[in-house]
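K.L.:
One file is attached below, entry-v7.cif, containing mmCIF, C-alpha atoms.
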data_model
loop_
_atom_site.label_atom_id
_atom_site.label_comp_id
_atom_site.auth_asym_id
_atom_site.auth_seq_id
_atom_site.Cartn_x
_atom_site.Cartn_y
_atom_site.Cartn_z
CA MET A 1 27.41 -50.29 -31.57
CA ALA A 2 26.10 -46.80 -30.92
CA HIS A 3 22.56 -48.05 -31.54
CA GLU A 4 23.05 -50.83 -29.01
CA GLN A 5 24.34 -48.35 -26.37
CA GLU A 6 21.34 -46.14 -26.99
CA GLN A 7 19.00 -49.05 -26.49
CA THR A 8 20.63 -49.98 -23.16
CA LEU A 9 19.82 -46.50 -21.81
CA LYS A 10 16.09 -46.96 -22.35
CA THR A 11 14.00 -48.25 -19.47
CA GLY A 12 10.84 -49.04 -21.37
CA THR A 13 8.87 -46.42 -19.37
CA GLU A 14 9.49 -43.43 -21.61
CA LYS A 15 6.50 -41.51 -22.88
CA PRO A 16 6.36 -39.73 -26.20
CA SER A 17 7.85 -36.23 -25.86
CA GLN A 18 5.32 -33.54 -24.98
CA PRO A 19 5.56 -29.83 -25.82
CA GLN A 20 6.17 -27.46 -22.93
CA GLY A 21 2.96 -25.96 -21.56
CA ARG A 22 -0.45 -26.34 -23.15
CA THR A 23 -1.07 -27.56 -26.69
CA PRO A 24 -2.52 -25.21 -29.32
CA GLU A 25 -5.86 -26.98 -28.93
CA GLN A 26 -5.81 -26.30 -25.18
CA ALA A 27 -4.82 -22.69 -25.76
CA GLU A 28 -8.00 -22.14 -27.74
CA HIS A 29 -10.02 -22.77 -24.59
CA LEU A 30 -8.39 -20.41 -22.12
CA PRO A 31 -9.99 -20.34 -18.67
CA SER A 32 -10.91 -16.82 -17.58
CA GLN A 33 -7.98 -16.47 -15.21
CA LEU A 34 -5.56 -16.82 -18.14
CA GLN A 35 -7.16 -14.16 -20.33
CA THR A 36 -6.40 -10.45 -20.50
CA PRO A 37 -6.65 -8.35 -17.28
CA GLU A 38 -9.86 -6.76 -18.61
CA GLU A 39 -11.40 -10.16 -19.33
CA ALA A 40 -10.22 -11.46 -15.98
CA ALA A 41 -11.77 -8.49 -14.17
CA ALA A 42 -15.06 -9.06 -15.97
CA ALA A 43 -14.96 -12.76 -15.07
CA LEU A 44 -14.32 -11.89 -11.42
CA LYS A 45 -17.11 -9.33 -11.20
CA GLY A 46 -19.28 -10.16 -8.24
CA ARG A 47 -16.65 -12.32 -6.59
CA HIS A 48 -15.76 -11.60 -2.98
CA PHE A 49 -12.55 -9.70 -2.25
CA ASP A 50 -10.85 -12.70 -0.63
CA THR A 51 -11.42 -14.66 -3.84
CA LYS A 52 -9.89 -11.86 -5.93
CA LEU A 53 -6.79 -11.94 -3.74
CA ILE A 54 -6.12 -15.48 -4.97
CA HIS A 55 -7.72 -15.42 -8.43
CA PHE A 56 -6.60 -12.11 -9.89
CA GLY A 57 -6.04 -12.96 -13.53
CA ALA A 58 -2.33 -13.84 -13.59
CA GLU A 59 -2.11 -16.47 -10.89
CA ILE A 60 -1.47 -19.24 -13.43
CA ASP A 61 1.24 -19.01 -16.07
CA PRO A 62 -0.48 -19.57 -19.44
CA ALA A 63 2.66 -21.05 -21.03
CA THR A 64 3.37 -23.79 -18.50
CA GLY A 65 0.46 -23.87 -16.06
CA ALA A 66 2.80 -22.90 -13.20
CA SER A 67 0.90 -21.84 -10.09
CA SER A 68 3.00 -18.71 -9.69
CA VAL A 69 3.72 -15.73 -11.91
CA PRO A 70 7.15 -16.30 -13.48
CA ILE A 71 10.01 -13.96 -12.57
CA TYR A 72 11.16 -12.59 -15.90
CA GLN A 73 14.68 -11.57 -14.95
CA ALA A 74 15.37 -9.69 -18.17
CA SER A 75 16.27 -6.10 -18.95
CA THR A 76 15.42 -6.20 -22.64
CA PHE A 77 13.28 -8.21 -25.05
CA HIS A 78 13.93 -9.53 -28.55
CA HIS A 79 11.98 -8.16 -31.51
CA PHE A 80 11.03 -11.19 -33.58
CA ASP A 81 9.52 -8.93 -36.22
CA VAL A 82 10.58 -5.29 -36.37
CA TYR A 83 7.36 -4.43 -38.22
CA ASN A 84 5.35 -5.75 -35.27
CA PRO A 85 7.09 -4.66 -32.04
CA PRO A 86 6.51 -6.85 -28.98
CA GLN A 87 4.46 -5.79 -25.97
CA TYR A 88 7.62 -5.49 -23.89
CA ASP A 89 10.86 -4.03 -25.20
CA TYR A 90 12.76 -2.66 -22.17
CA SER A 91 12.01 -3.48 -18.55
CA ARG A 92 11.89 0.13 -17.38
CA SER A 93 8.93 0.62 -19.69
CA GLY A 94 7.29 -2.67 -18.77
CA SER A 95 7.96 -6.25 -17.76
CA PRO A 96 5.64 -9.27 -17.58
CA THR A 97 6.19 -9.84 -13.85
CA ARG A 98 5.62 -6.21 -12.94
CA GLN A 99 2.62 -6.06 -15.27
CA ALA A 100 0.98 -8.93 -13.40
CA LEU A 101 1.39 -7.03 -10.13
CA GLU A 102 0.10 -3.79 -11.64
CA ASP A 103 -3.00 -5.50 -13.02
CA TYR A 104 -3.46 -7.17 -9.62
CA ILE A 105 -3.57 -3.93 -7.60
CA SER A 106 -5.73 -2.24 -10.23
CA LEU A 107 -8.25 -5.06 -9.95
CA LEU A 108 -8.29 -4.91 -6.14
CA GLU A 109 -8.71 -1.12 -6.02
CA GLY A 110 -11.19 -1.04 -8.89
CA GLY A 111 -9.07 1.31 -10.99
CA ALA A 112 -8.28 1.83 -14.66
CA GLY A 113 -4.56 1.16 -14.26
CA GLY A 114 -2.00 0.32 -11.60
CA TYR A 115 1.73 1.09 -11.48
CA ALA A 116 4.52 -0.35 -9.34
CA PHE A 117 7.41 1.72 -8.03
CA ALA A 118 10.63 1.13 -6.12
CA SER A 119 9.12 2.44 -2.86
CA GLY A 120 6.05 4.12 -1.45
CA MET A 121 7.77 7.49 -1.65
CA ALA A 122 8.66 6.81 -5.30
CA ALA A 123 4.96 6.25 -6.01
CA ILE A 124 3.95 9.40 -4.12
CA SER A 125 6.69 11.43 -5.82
CA ALA A 126 5.60 10.28 -9.26
CA ALA A 127 1.96 11.12 -8.54
CA LEU A 128 2.87 14.59 -7.28
CA MET A 129 4.85 15.16 -10.47
CA MET A 130 1.46 15.52 -12.14
CA PHE A 131 1.50 19.07 -10.75
CA SER A 132 3.46 21.98 -12.18
CA ALA A 133 5.34 25.03 -10.96
CA GLY A 134 2.90 27.57 -9.57
CA ASP A 135 0.35 24.97 -8.46
CA HIS A 136 -0.98 24.80 -4.91
CA LEU A 137 -1.93 21.67 -2.95
CA ILE A 138 -4.07 21.12 0.14
CA VAL A 139 -2.64 18.32 2.29
CA THR A 140 -3.53 16.44 5.48
CA GLU A 141 -1.71 18.22 8.31
CA ASP A 142 -0.37 15.10 10.05
CA VAL A 143 0.71 13.46 6.80
CA TYR A 144 3.50 10.84 6.79
CA GLY A 145 6.87 12.44 7.49
CA GLY A 146 8.38 11.37 4.17
CA THR A 147 5.55 13.04 2.26
CA TYR A 148 5.94 16.16 4.40
CA ARG A 149 9.67 16.25 3.62
CA LEU A 150 9.02 15.86 -0.12
CA LEU A 151 6.47 18.67 -0.14
CA THR A 152 8.39 21.12 2.05
CA THR A 153 12.00 20.61 0.93
CA ILE A 154 11.84 19.34 -2.67
CA LEU A 155 8.59 20.31 -4.38
CA SER A 156 8.75 23.70 -2.66
CA ARG A 157 11.97 24.37 -4.63
CA MET A 158 9.97 23.71 -7.79
CA ASN A 159 7.46 26.37 -6.77
CA ILE A 160 4.71 23.90 -5.85
CA GLU A 161 3.01 25.30 -2.76
CA THR A 162 1.35 23.35 0.04
CA THR A 163 -1.14 24.26 2.73
CA PHE A 164 -1.50 21.70 5.53
CA VAL A 165 -4.94 21.53 7.15
CA ASP A 166 -6.87 19.43 9.63
CA MET A 167 -8.94 17.38 7.19
CA THR A 168 -11.39 16.27 9.84
CA ASP A 169 -12.87 19.74 9.31
CA LEU A 170 -14.25 20.24 5.78
CA ASP A 171 -14.46 24.00 6.32
CA GLN A 172 -10.69 24.19 6.83
CA ILE A 173 -10.21 22.45 3.49
CA LYS A 174 -12.60 24.82 1.76
CA ASN A 175 -10.94 27.87 3.34
CA ALA A 176 -7.55 26.74 2.05
CA LEU A 177 -8.69 26.98 -1.59
CA ARG A 178 -6.75 29.42 -3.75
CA SER A 179 -7.00 30.44 -7.39
CA ASN A 180 -3.97 28.21 -8.15
CA THR A 181 -5.10 25.19 -6.10
CA LYS A 182 -4.88 22.06 -8.25
CA GLY A 183 -5.07 19.10 -5.88
CA VAL A 184 -6.00 17.63 -2.50
CA PHE A 185 -3.75 15.00 -0.88
CA MET A 186 -5.34 12.92 1.89
CA GLU A 187 -4.39 10.25 4.39
CA THR A 188 -7.17 8.45 6.20
CA PRO A 189 -6.56 7.18 8.78
CA SER A 190 -3.66 9.60 9.02
CA ASN A 191 -0.19 8.58 10.16
CA PRO A 192 0.33 8.45 13.14
CA THR A 193 -2.68 10.01 14.92
CA LEU A 194 -5.29 8.12 12.87
CA LYS A 195 -7.51 11.07 12.10
CA ILE A 196 -10.33 10.39 9.66
CA THR A 197 -11.08 12.35 6.50
CA ASP A 198 -14.50 12.10 4.87
CA LEU A 199 -13.41 10.91 1.42
CA GLY A 200 -16.80 11.32 -0.20
CA ALA A 201 -17.36 14.84 1.09
CA VAL A 202 -13.87 16.06 0.18
CA THR A 203 -13.99 14.46 -3.26
CA ALA A 204 -17.41 15.92 -4.06
CA TRP A 205 -16.17 19.41 -3.12
CA ALA A 206 -12.91 18.91 -5.04
CA LYS A 207 -14.76 17.96 -8.22
CA GLU A 208 -16.76 21.20 -8.04
CA HIS A 209 -13.43 23.04 -8.30
CA ASN A 210 -11.78 20.67 -10.81
CA LEU A 211 -9.17 19.52 -8.29
CA LEU A 212 -7.25 16.27 -8.52
CA THR A 213 -7.73 14.09 -5.42
CA LEU A 214 -5.12 11.69 -4.07
CA VAL A 215 -5.17 9.45 -1.01
CA ASP A 216 -2.53 7.37 0.73
CA ASN A 217 -4.37 4.11 1.44
CA THR A 218 -1.45 2.31 3.10
CA PHE A 219 -3.08 1.78 6.51
CA MET A 220 -6.36 0.35 5.25
CA THR A 221 -5.36 -1.33 1.97
CA PRO A 222 -8.12 -2.19 -0.53
CA TYR A 223 -9.12 -5.00 1.81
CA TYR A 224 -10.81 -2.46 4.09
CA GLN A 225 -11.07 0.71 2.00
CA ARG A 226 -11.38 1.38 -1.73
CA PRO A 227 -11.31 5.17 -2.22
CA ILE A 228 -12.01 4.98 -5.96
CA GLU A 229 -15.54 3.99 -4.95
CA GLN A 230 -15.69 7.37 -3.17
CA GLY A 231 -14.56 9.15 -6.34
CA VAL A 232 -10.88 9.64 -5.45
CA ASP A 233 -8.65 10.02 -8.52
CA ILE A 234 -5.35 8.44 -7.47
CA ILE A 235 -4.72 5.82 -4.77
CA LEU A 236 -1.22 5.41 -3.31
CA HIS A 237 0.37 2.68 -1.23
CA SER A 238 3.58 2.02 0.54
CA ALA A 239 3.29 -1.64 -0.43
CA THR A 240 6.24 -2.30 1.85
CA LYS A 241 3.67 -2.34 4.64
CA PHE A 242 0.46 -4.40 4.81
CA LEU A 243 0.35 -5.40 1.14
CA GLY A 244 3.80 -7.01 1.28
CA GLY A 245 3.31 -7.96 4.90
CA HIS A 246 6.62 -9.70 5.65
CA SER A 247 9.25 -6.95 6.09
CA ASP A 248 11.14 -8.30 3.09
CA VAL A 249 10.24 -6.05 0.17
CA LEU A 250 10.39 -2.30 -0.53
CA ALA A 251 7.68 -1.21 -2.97
CA GLY A 252 5.12 1.43 -3.84
CA LEU A 253 1.90 1.30 -5.86
CA ALA A 254 -0.30 3.86 -7.54
CA VAL A 255 -3.75 3.27 -9.03
CA ALA A 256 -5.63 5.67 -11.31
CA ARG A 257 -9.42 6.02 -11.47
CA THR A 258 -9.63 6.83 -15.17
CA PRO A 259 -7.75 5.73 -18.32
CA GLU A 260 -6.59 9.31 -18.87
CA LEU A 261 -4.99 9.52 -15.42
CA ALA A 262 -3.56 6.04 -15.89
CA ALA A 263 -1.82 7.20 -19.06
CA GLU A 264 -0.31 10.14 -17.18
CA LEU A 265 0.95 7.91 -14.38
CA LYS A 266 2.43 5.50 -16.90
CA LYS A 267 4.27 8.36 -18.61
CA LEU A 268 5.68 9.53 -15.28
CA GLN A 269 6.69 6.03 -14.22
CA ASN A 270 8.53 5.46 -17.49
CA GLY A 271 10.07 8.93 -17.54
CA LEU A 272 11.30 8.87 -13.95
CA GLY A 273 12.38 5.25 -14.13
CA THR A 274 11.61 4.53 -10.47
CA VAL A 275 10.16 1.12 -11.27
CA LEU A 276 9.89 -2.03 -9.20
CA GLY A 277 12.11 -4.94 -10.25
CA PRO A 278 10.78 -8.42 -11.07
CA GLN A 279 12.02 -10.13 -7.90
CA ASP A 280 10.32 -7.58 -5.66
CA SER A 281 7.20 -7.64 -7.85
CA TRP A 282 6.98 -11.38 -7.34
CA LEU A 283 7.55 -11.11 -3.57
CA LEU A 284 4.85 -8.47 -3.30
CA MET A 285 2.32 -10.60 -5.17
CA ARG A 286 3.10 -13.51 -2.87
CA GLY A 287 2.47 -11.31 0.16
CA MET A 288 -0.76 -9.88 -1.21
CA LYS A 289 -2.33 -13.32 -1.56
CA THR A 290 -2.54 -13.57 2.25
CA LEU A 291 -3.65 -9.96 2.82
CA GLY A 292 -7.16 -10.89 3.94
CA ALA A 293 -6.04 -13.50 6.45
CA ARG A 294 -3.36 -11.22 7.87
CA MET A 295 -5.46 -8.07 8.10
CA GLY A 296 -8.36 -9.87 9.73
CA ARG A 297 -6.18 -11.52 12.37
CA SER A 298 -4.16 -8.38 13.09
CA GLU A 299 -7.27 -6.23 13.44
CA ILE A 300 -8.68 -8.54 16.11
CA GLY A 301 -5.50 -8.02 18.08
CA ALA A 302 -5.46 -4.27 17.49
CA ARG A 303 -8.99 -3.83 18.79
CA LYS A 304 -8.13 -5.72 21.97
CA LEU A 305 -4.92 -3.75 22.41
CA ALA A 306 -6.68 -0.41 21.94
CA ALA A 307 -9.34 -1.34 24.50
CA TRP A 308 -6.68 -2.44 27.01
CA LEU A 309 -4.68 0.75 26.59
CA SER A 310 -7.83 2.86 26.96
CA GLU A 311 -8.48 1.39 30.39
CA ARG A 312 -5.05 2.34 31.74
CA SER A 313 -4.75 5.53 33.77
CA ASP A 314 -1.06 5.92 32.85
CA ILE A 315 -1.75 6.33 29.13
CA THR A 316 -2.44 9.91 28.10
CA SER A 317 -4.21 9.22 24.79
CA VAL A 318 -5.13 6.26 22.58
CA TYR A 319 -5.77 6.67 18.86
CA TYR A 320 -7.72 3.94 17.06
CA PRO A 321 -10.79 4.39 14.82
CA GLY A 322 -12.47 1.34 16.34
CA LEU A 323 -12.77 2.96 19.78
CA GLU A 324 -16.22 4.28 20.68
CA ASN A 325 -14.78 7.66 21.65
CA HIS A 326 -12.85 8.16 18.42
CA PRO A 327 -14.25 11.36 16.86
CA GLY A 328 -14.04 9.97 13.33
CA LYS A 329 -15.50 6.53 14.00
CA GLU A 330 -18.84 7.16 12.27
CA ILE A 331 -17.25 8.58 9.10
CA HIS A 332 -14.67 5.81 9.03
CA GLU A 333 -17.36 3.14 9.23
CA LYS A 334 -19.16 4.80 6.32
CA GLN A 335 -16.16 4.46 3.98
CA SER A 336 -14.27 1.44 5.37
CA THR A 337 -15.17 -2.10 6.34
CA GLY A 338 -12.62 -2.44 9.16
CA TYR A 339 -10.51 -0.44 11.59
CA GLY A 340 -7.05 -1.65 10.67
CA ALA A 341 -4.14 -2.95 12.71
CA VAL A 342 -2.37 0.24 13.83
CA VAL A 343 -2.85 1.67 17.32
CA SER A 344 -1.08 4.83 18.47
CA PHE A 345 -0.84 5.85 22.11
CA ASP A 346 0.86 8.53 24.18
CA VAL A 347 2.68 7.49 27.34
CA GLY A 348 3.15 11.08 28.52
CA SER A 349 6.79 11.89 27.91
CA GLU A 350 9.79 11.26 25.70
CA GLU A 351 11.69 9.67 28.59
CA ARG A 352 8.93 7.16 29.30
CA ALA A 353 8.45 6.35 25.62
CA LYS A 354 12.16 5.58 25.13
CA ARG A 355 12.28 3.54 28.32
CA LEU A 356 9.36 1.44 27.07
CA LEU A 357 11.06 0.93 23.70
CA ASN A 358 14.13 -0.46 25.42
CA LYS A 359 12.10 -2.81 27.64
CA VAL A 360 9.74 -4.54 25.20
CA LYS A 361 10.78 -8.03 24.14
CA LEU A 362 8.32 -9.12 21.41
CA PRO A 363 7.68 -6.36 18.85
CA LEU A 364 10.36 -5.07 16.55
CA VAL A 365 11.42 -1.59 17.59
CA ALA A 366 11.76 -0.25 14.10
CA VAL A 367 10.61 1.98 11.28
CA SER A 368 7.72 0.64 9.16
CA LEU A 369 4.55 -1.28 9.95
CA GLY A 370 2.12 -3.82 8.52
CA ALA A 371 4.19 -6.98 8.93
CA VAL A 372 3.54 -10.44 10.31
CA GLU A 373 5.66 -9.43 13.29
CA SER A 374 4.45 -6.56 15.47
CA ILE A 375 6.39 -3.32 15.02
CA LEU A 376 6.61 -0.61 17.67
CA SER A 377 7.73 2.77 16.33
CA TYR A 378 8.58 6.13 17.84
CA PRO A 379 7.33 8.73 15.30
CA PRO A 380 9.35 11.69 16.65
CA MET A 381 12.59 9.83 15.88
CA MET A 382 11.39 7.62 13.02
CA SER A 383 8.47 8.23 10.62
CA HIS A 384 8.19 11.95 11.46
CA ALA A 385 11.80 12.83 12.19
CA ALA A 386 11.74 15.18 9.18
CA MET A 387 8.97 17.25 10.79
CA PRO A 388 10.21 20.04 13.11
CA ARG A 389 9.27 19.47 16.75
CA GLU A 390 7.08 22.57 16.97
CA VAL A 391 5.19 21.44 13.86
CA ARG A 392 4.78 17.91 15.25
CA LEU A 393 3.39 19.21 18.52
CA GLU A 394 0.93 21.50 16.72
CA ARG A 395 -0.39 18.45 14.88
CA GLY A 396 -0.78 16.23 17.93
CA ILE A 397 2.37 14.15 17.46
CA GLY A 398 3.72 14.48 20.98
CA ASP A 399 7.07 13.46 22.41
CA GLY A 400 5.45 10.52 24.18
CA LEU A 401 3.60 9.13 21.16
CA LEU A 402 4.19 5.52 20.10
CA ARG A 403 2.75 3.66 17.09
CA PHE A 404 2.03 -0.04 17.45
CA SER A 405 1.45 -2.11 14.31
CA VAL A 406 -0.10 -5.36 15.53
CA GLY A 407 1.22 -8.48 13.84
CA LEU A 408 0.21 -12.11 14.06
CA GLU A 409 1.51 -12.96 17.52
CA ASN A 410 -0.90 -13.91 20.27
CA ILE A 411 -2.33 -10.59 21.43
CA ASP A 412 -2.30 -11.63 25.09
CA ASP A 413 1.46 -12.16 24.87
CA LEU A 414 1.88 -8.73 23.30
CA ILE A 415 -0.21 -7.08 26.00
CA GLU A 416 1.72 -8.89 28.74
CA ASP A 417 4.97 -7.67 27.20
CA LEU A 418 3.70 -4.08 27.03
CA GLU A 419 2.49 -4.28 30.59
CA GLN A 420 5.92 -5.16 31.94
CA ALA A 421 7.49 -2.45 29.76
CA LEU A 422 5.11 0.19 31.15
CA ILE A 423 6.17 -0.43 34.75
CA ASP A 424 8.24 2.59 35.78
#
Translate the structure of the given file into structure tokens.

P.N.:
Amino acid sequence: MAHEQEQTLKTGTEKPSQPQGRTPEQAEHLPSQLQTPEEAAAALKGRHFDTKLIHFGAEIDPATGASSVPIYQASTFHHFDVYNPPQYDYSRSGSPTRQALEDYISLLEGGAGGYAFASGMAAISAALMMFSAGDHLIVTEDVYGGTYRLLTTILSRMNIETTFVDMTDLDQIKNALRSNTKGVFMETPSNPTLKITDLGAVTAWAKEHNLLTLVDNTFMTPYYQRPIEQGVDIILHSATKFLGGHSDVLAGLAVARTPELAAELKKLQNGLGTVLGPQDSWLLMRGMKTLGARMGRSEIGARKLAAWLSERSDITSVYYPGLENHPGKEIHEKQSTGYGAVVSFDVGSEERAKRLLNKVKLPLVAVSLGAVESILSYPPMMSHAAMPREVRLERGIGDGLLRFSVGLENIDDLIEDLEQALID
């Protein structure tokens, strides 16, 4: 009877059962994108950057052929053989999803190892933990406010000293050198006044004095600027911004130039435990696949916006490296392939800036940048609120300064919206 019931459930269309994923025979003939990160990087050598954004070595799951990196939502991993420990044992120390992301950013930046953190500041904090009590750092004077806060209120308590200098002037950097100087921290373009640092010149000088060089590459991303090619030791990103691109993930990335530095970063990441979880790792990879399309489109809009603002008599200053009158344009073009999507401009006063913020209808008025939607920020109250007013003013971050991160909206609509908001 049971046999008869079983037979009635069959439709006659069943196929012999197949094992999940590829067969052992198929596995012997792995395509390059399913091999190790090193093999994948070698296979992608010579490919254009836009191709690497899509084919980065982990875009296909080798077990099932899935077109997306799996989210391994696990905190710990079984040891099938205690004499041969697995690659992953505890997700703070490493997880397959996070590893795919870390290999991805390392490939894009051309580094020896990449590491994913819970935020951009977590990545910067970990990198700065490479220094010890008594060390001295030379830092971009108009550095991001969060980095300034870390250096002046936290690392200062650990007896790590900082001198802030205008890094558009190499002589100022050289004059800041002390016997205990151990590193140079750069932002180029800087946030929010978009000053340009000559990466090659600073790095060459730093190597003469055995200094570690670090650069925050958030504004340009590896799509436009790859500082390792200029000799920089450690590249940092708030991946929350352009790399993620959708205002839906908080993440930071660090990439090391050499295997030795990579090992140090790995030790700090594991020791501090400020790692990125698998869900956010997956979201970030999804965002990074469209980086080229987004950056290209947003830059077109930013260039038009900067030109329009420059023609207005009621705008005090416009900061954008693509403008002909930008003092760092020539250096920027030497080390970058684009100008980015951030335009800063000064409307003359705090009162006018706040009035404009309350009148715009299209951009988000918010902290952050680099998203599909345009974001208009007020640095004195947002990104640089931690910087004392007198310090801000000394560094060109005036009370009327606004920072516009151009998204994917029609730029003419954004300009029309700004125009109505600028009417006093």

K.L.:
Taking the file above as input, evaluate the PyMOL selection byres ((chain A and resi 376) around 7) and report the hits as JSON, numbers by chain.

P.N.:
{"A": [363, 364, 365, 366, 374, 375, 377, 403, 404, 405]}

K.L.:
Between atom CA of Gly396 of chain A and atom CA of Glu324 of chain A, what is the spacing in Å?

P.N.:
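Atom-to-atom, atom CA of Glu324 of chain A and atom CA of Gly396 of chain A are spaced 19.7 Å apart.
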
K.L.:
How many Å separate atom CA of Phe164 of chain A from atom CA of Thr337 of chain A?

P.N.:
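Going from atom CA of Phe164 of chain A over to atom CA of Thr337 of chain A covers 27.5 Å.
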
K.L.:
What do you get, as a PDB file with C-alpha atoms, keeping the file's coordinate frame, if you spell out every residue that the PyMOL selection byres ((chain A and resi 297) around 12) selects here?

P.N.:
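And here is the file that came out, expr-v3.pdb:
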ATOM      1  CA  THR A 290      -2.540 -13.570   2.250  1.00  0.00           C
ATOM      2  CA  LEU A 291      -3.650  -9.960   2.820  1.00  0.00           C
ATOM      3  CA  GLY A 292      -7.160 -10.890   3.940  1.00  0.00           C
ATOM      4  CA  ALA A 293      -6.040 -13.500   6.450  1.00  0.00           C
ATOM      5  CA  ARG A 294      -3.360 -11.220   7.870  1.00  0.00           C
ATOM      6  CA  MET A 295      -5.460  -8.070   8.100  1.00  0.00           C
ATOM      7  CA  GLY A 296      -8.360  -9.870   9.730  1.00  0.00           C
ATOM      8  CA  SER A 298      -4.160  -8.380  13.090  1.00  0.00           C
ATOM      9  CA  GLU A 299      -7.270  -6.230  13.440  1.00  0.00           C
ATOM     10  CA  ILE A 300      -8.680  -8.540  16.110  1.00  0.00           C
ATOM     11  CA  GLY A 301      -5.500  -8.020  18.080  1.00  0.00           C
ATOM     12  CA  ALA A 302      -5.460  -4.270  17.490  1.00  0.00           C
ATOM     13  CA  ARG A 303      -8.990  -3.830  18.790  1.00  0.00           C
ATOM     14  CA  LYS A 304      -8.130  -5.720  21.970  1.00  0.00           C
ATOM     15  CA  GLY A 338     -12.620  -2.440   9.160  1.00  0.00           C
ATOM     16  CA  TYR A 339     -10.510  -0.440  11.590  1.00  0.00           C
ATOM     17  CA  GLY A 340      -7.050  -1.650  10.670  1.00  0.00           C
ATOM     18  CA  ALA A 341      -4.140  -2.950  12.710  1.00  0.00           C
ATOM     19  CA  GLY A 370       2.120  -3.820   8.520  1.00  0.00           C
ATOM     20  CA  ALA A 371       4.190  -6.980   8.930  1.00  0.00           C
ATOM     21  CA  VAL A 372       3.540 -10.440  10.310  1.00  0.00           C
ATOM     22  CA  VAL A 406      -0.100  -5.360  15.530  1.00  0.00           C
ATOM     23  CA  GLY A 407       1.220  -8.480  13.840  1.00  0.00           C
ATOM     24  CA  LEU A 408       0.210 -12.110  14.060  1.00  0.00           C
ATOM     25  CA  GLU A 409       1.510 -12.960  17.520  1.00  0.00           C
ATOM     26  CA  ASN A 410      -0.900 -13.910  20.270  1.00  0.00           C
ATOM     27  CA  ILE A 411      -2.330 -10.590  21.430  1.00  0.00           C
TER      28      ILE A 411
END

K.L.:
Which one is closest to His209 of chain A: A:Thr240, A:Thr181, A:Ser93, A:Thr64? Count all atoms listed in the file.

P.N.:
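Using all atoms listed in the file, His209 of chain A sits closest to A:Thr181.
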
K.L.:
Restricting the calculation to all atoms listed in the file: of A:Phe56, A:Tyr224, A:Phe185, A:Phe242, which residue gets closest to Thr163 of chain A?

P.N.:
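Going through A:Phe56, A:Tyr224, A:Phe185, A:Phe242 one by one, the smallest distance to Thr163 of chain A is for A:Phe185.
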